[in-house]
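Structure file final-v9.pdb; described as PDB, C-alpha atoms.
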ATOM      1  CA  ILE X   1      92.071 117.142  92.329
ATOM      2  CA  ASP X   2      89.319 115.140  93.957
ATOM      3  CA  THR X   3      90.823 111.656  94.246
ATOM      4  CA  LEU X   4      94.014 110.402  95.874
ATOM      5  CA  VAL X   5      95.564 107.111  94.774
ATOM      6  CA  LEU X   6      97.635 105.739  97.637
ATOM      7  CA  THR X   7     100.743 103.589  97.599
ATOM      8  CA  GLY X   8     103.448 103.199 100.207
ATOM      9  CA  VAL X   9     104.827 101.269 103.126
ATOM     10  CA  TRP X  10     103.231 100.375 106.433
ATOM     11  CA  THR X  11      99.728  99.876 105.029
ATOM     12  CA  ASN X  12      98.325  99.603 108.542
ATOM     13  CA  VAL X  13      99.928 102.830 109.816
ATOM     14  CA  CYS X  14     101.123 105.446 107.312
ATOM     15  CA  VAL X  15      98.882 104.566 104.375
ATOM     16  CA  ARG X  16      95.870 104.126 106.661
ATOM     17  CA  SER X  17      96.488 107.520 108.287
ATOM     18  CA  THR X  18      96.801 109.183 104.895
ATOM     19  CA  ALA X  19      93.548 107.538 103.772
ATOM     20  CA  SER X  20      91.619 108.745 106.821
ATOM     21  CA  ASP X  21      93.057 112.274 106.556
ATOM     22  CA  ALA X  22      92.220 112.381 102.848
ATOM     23  CA  LEU X  23      88.615 111.387 103.540
ATOM     24  CA  TYR X  24      88.392 113.997 106.309
ATOM     25  CA  HIS X  25      89.523 116.652 103.819
ATOM     26  CA  GLY X  26      86.946 115.608 101.231
ATOM     27  CA  TYR X  27      89.019 113.499  98.849
ATOM     28  CA  ASN X  28      87.993 110.209  97.290
ATOM     29  CA  VAL X  29      90.474 107.507  98.277
ATOM     30  CA  ILE X  30      91.804 104.624  96.211
ATOM     31  CA  CYS X  31      94.421 102.349  97.770
ATOM     32  CA  LEU X  32      96.440 100.084  95.503
ATOM     33  CA  SER X  33      96.697  96.819  97.421
ATOM     34  CA  ASP X  34      99.749  95.604  95.515
ATOM     35  CA  GLY X  35     101.332  99.049  95.709
ATOM     36  CA  THR X  36     101.446  98.987  99.501
ATOM     37  CA  THR X  37     103.115  96.748 102.045
ATOM     38  CA  SER X  38     103.566  96.238 105.769
ATOM     39  CA  GLN X  39     105.850  94.406 108.140
ATOM     40  CA  ASP X  40     103.949  91.176 107.469
ATOM     41  CA  ASP X  41     100.906  89.964 105.542
ATOM     42  CA  GLU X  42      98.634  90.046 108.591
ATOM     43  CA  MET X  43      99.331  93.742 109.196
ATOM     44  CA  HIS X  44      98.949  94.491 105.478
ATOM     45  CA  VAL X  45      95.542  92.799 105.324
ATOM     46  CA  ALA X  46      94.425  94.553 108.522
ATOM     47  CA  GLY X  47      95.450  97.895 107.048
ATOM     48  CA  LEU X  48      93.577  97.216 103.815
ATOM     49  CA  ARG X  49      90.493  96.212 105.795
ATOM     50  CA  ASP X  50      90.575  99.547 107.646
ATOM     51  CA  ILE X  51      91.277 101.559 104.496
ATOM     52  CA  ALA X  52      88.245  99.942 102.831
ATOM     53  CA  LEU X  53      86.167 101.953 105.336
ATOM     54  CA  PHE X  54      87.548 105.161 103.796
ATOM     55  CA  GLY X  55      87.629 104.304 100.103
ATOM     56  CA  LYS X  56      88.190 101.735  97.395
ATOM     57  CA  ILE X  57      90.800  98.990  97.374
ATOM     58  CA  MET X  58      92.058  97.813  94.007
ATOM     59  CA  THR X  59      95.175  96.415  92.370
ATOM     60  CA  VAL X  60      97.457  98.410  90.114
ATOM     61  CA  ASP X  61      96.080  96.519  87.096
ATOM     62  CA  GLU X  62      92.477  97.223  88.114
ATOM     63  CA  TYR X  63      93.249 100.913  88.549
ATOM     64  CA  LYS X  64      95.103 101.068  85.241
ATOM     65  CA  ALA X  65      92.148  99.468  83.412
ATOM     66  CA  ARG X  66      89.729 101.881  85.077
ATOM     67  CA  TRP X  67      91.892 104.874  84.212
ATOM     68  CA  LEU X  68      92.307 103.757  80.592
ATOM     69  CA  ALA X  69      88.537 103.309  80.274
ATOM     70  CA  THR X  70      87.922 106.870  81.461
ATOM     71  CA  GLN X  71      90.503 108.196  78.993
ATOM     72  CA  GLN X  72      88.789 106.418  76.108
ATOM     73  CA  GLN X  73      85.426 107.870  77.146
ATOM     74  CA  THR X  74      86.782 111.419  77.081
ATOM     75  CA  ALA X  75      88.630 111.006  73.764
TER
END

Represent the structure contained in this file as structure tokens.
Amino acid sequence: IDTLVLTGVWTNVCVRSTASDALYHGYNVICLSDGTTSQDDEMHVAGLRDIALFGKIMTVDEYKARWLATQQQTA
């Protein structure tokens, strides 16, 4: 395992902390922006902005398309 795909609540607290810890431990980080939430949109956006310092931000659909493309390449 070299990549963690993050979802969850409190984007700006719990998900952000997990992202920074994952980076510290050598993992690649992908945060699914529509798979996370916070108390309000402002906090959610702030959390995503911070998490972008640690890894990639993408939607569930973007991640799914990326994953499917890698599966087709290995088939």

* To do: Carefully work through the PyMOL selection byres ((chain X and resi 21-35) around 10) for this structure and note down the residues it includes, as a ChimeraX atom specification.
  => /X:1-9,11,15-20,36-37,44-45,47-48,51-63

* What is the distance between CA of Thr70 (chain X) and CA of Cys14 (chain X), in Å to one decimal? ->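 Calculated distance between CA of Thr70 (chain X) and CA of Cys14 (chain X) is 29.1 Å.
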
* Could you please determine the separation between CA of Trp67 (chain X) and CA of Asp50 (chain X) in Å, to one decimal place? =>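 The value is 24.1 Å.
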
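Atom pair CA of Trp10 (chain X) / CA of Asp40 (chain X) has a distance of 9.3 Å (rounded to one decimal).
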
Generate a file for chain X, containing C-alpha atoms, as a short mmCIF file (atom, residue, chain, number, x, y, z; two decimals), in the first residue's frame.
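This went into result27.cif:
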data_model
loop_
_atom_site.label_atom_id
_atom_site.label_comp_id
_atom_site.auth_asym_id
_atom_site.auth_seq_id
_atom_site.Cartn_x
_atom_site.Cartn_y
_atom_site.Cartn_z
CA ILE X 1 0.00 0.00 0.00
CA ASP X 2 1.48 3.31 -1.05
CA THR X 3 -1.58 5.53 -1.50
CA LEU X 4 -4.41 6.45 0.86
CA VAL X 5 -7.74 7.66 -0.53
CA LEU X 6 -9.45 9.77 2.11
CA THR X 7 -13.12 10.33 2.81
CA GLY X 8 -14.85 11.38 6.00
CA VAL X 9 -16.30 14.15 8.09
CA TRP X 10 -14.72 17.33 9.36
CA THR X 11 -12.55 17.92 6.28
CA ASN X 12 -10.73 20.73 8.06
CA VAL X 13 -9.90 18.69 11.19
CA CYS X 14 -10.01 14.88 11.03
CA VAL X 15 -9.44 14.40 7.30
CA ARG X 16 -6.73 17.07 7.26
CA SER X 17 -4.94 15.43 10.21
CA THR X 18 -5.10 12.04 8.53
CA ALA X 19 -3.70 13.54 5.32
CA SER X 20 -0.75 15.16 7.09
CA ASP X 21 0.00 12.01 9.11
CA ALA X 22 -0.18 9.90 5.95
CA LEU X 23 2.30 12.16 4.18
CA TYR X 24 4.61 12.07 7.22
CA HIS X 25 4.57 8.26 7.05
CA GLY X 26 5.41 8.21 3.34
CA TYR X 27 2.00 7.61 1.77
CA ASN X 28 0.61 9.34 -1.30
CA VAL X 29 -2.61 11.13 -0.39
CA ILE X 30 -5.78 11.51 -2.44
CA CYS X 31 -8.74 13.30 -0.87
CA LEU X 32 -12.16 12.90 -2.45
CA SER X 33 -13.70 16.36 -2.24
CA ASP X 34 -17.27 15.10 -2.58
CA GLY X 35 -16.57 12.25 -0.18
CA THR X 36 -15.76 14.60 2.68
CA THR X 37 -17.71 17.27 4.52
CA SER X 38 -17.44 19.80 7.32
CA GLN X 39 -19.69 21.88 9.51
CA ASP X 40 -20.13 24.38 6.68
CA ASP X 41 -18.86 25.01 3.16
CA GLU X 42 -16.26 27.55 4.29
CA MET X 43 -14.62 25.04 6.64
CA HIS X 44 -14.81 22.32 3.97
CA VAL X 45 -13.07 24.51 1.39
CA ALA X 46 -10.43 25.57 3.92
CA GLY X 47 -9.75 21.93 4.74
CA LEU X 48 -9.43 21.00 1.07
CA ARG X 49 -7.05 23.91 0.53
CA ASP X 50 -4.81 22.63 3.34
CA ILE X 51 -5.03 19.01 2.19
CA ALA X 52 -3.92 20.09 -1.30
CA LEU X 53 -0.54 20.84 0.33
CA PHE X 54 -0.24 17.14 1.23
CA GLY X 55 -1.68 15.45 -1.84
CA LYS X 56 -4.22 15.45 -4.64
CA ILE X 57 -7.82 16.61 -4.44
CA MET X 58 -10.30 14.98 -6.79
CA THR X 59 -13.95 14.00 -6.97
CA VAL X 60 -15.21 10.45 -6.64
CA ASP X 61 -15.91 10.38 -10.39
CA GLU X 62 -12.40 11.63 -11.21
CA TYR X 63 -10.86 8.99 -8.95
CA LYS X 64 -13.06 6.26 -10.39
CA ALA X 65 -12.05 7.20 -13.96
CA ARG X 66 -8.38 7.25 -12.97
CA TRP X 67 -8.65 3.88 -11.25
CA LEU X 68 -10.49 2.31 -14.20
CA ALA X 69 -7.81 3.62 -16.58
CA THR X 70 -5.06 1.98 -14.54
CA GLN X 71 -6.98 -1.31 -14.49
CA GLN X 72 -7.31 -1.28 -18.27
CA GLN X 73 -3.58 -0.64 -18.64
CA THR X 74 -2.70 -3.66 -16.51
CA ALA X 75 -5.22 -5.99 -18.19
#
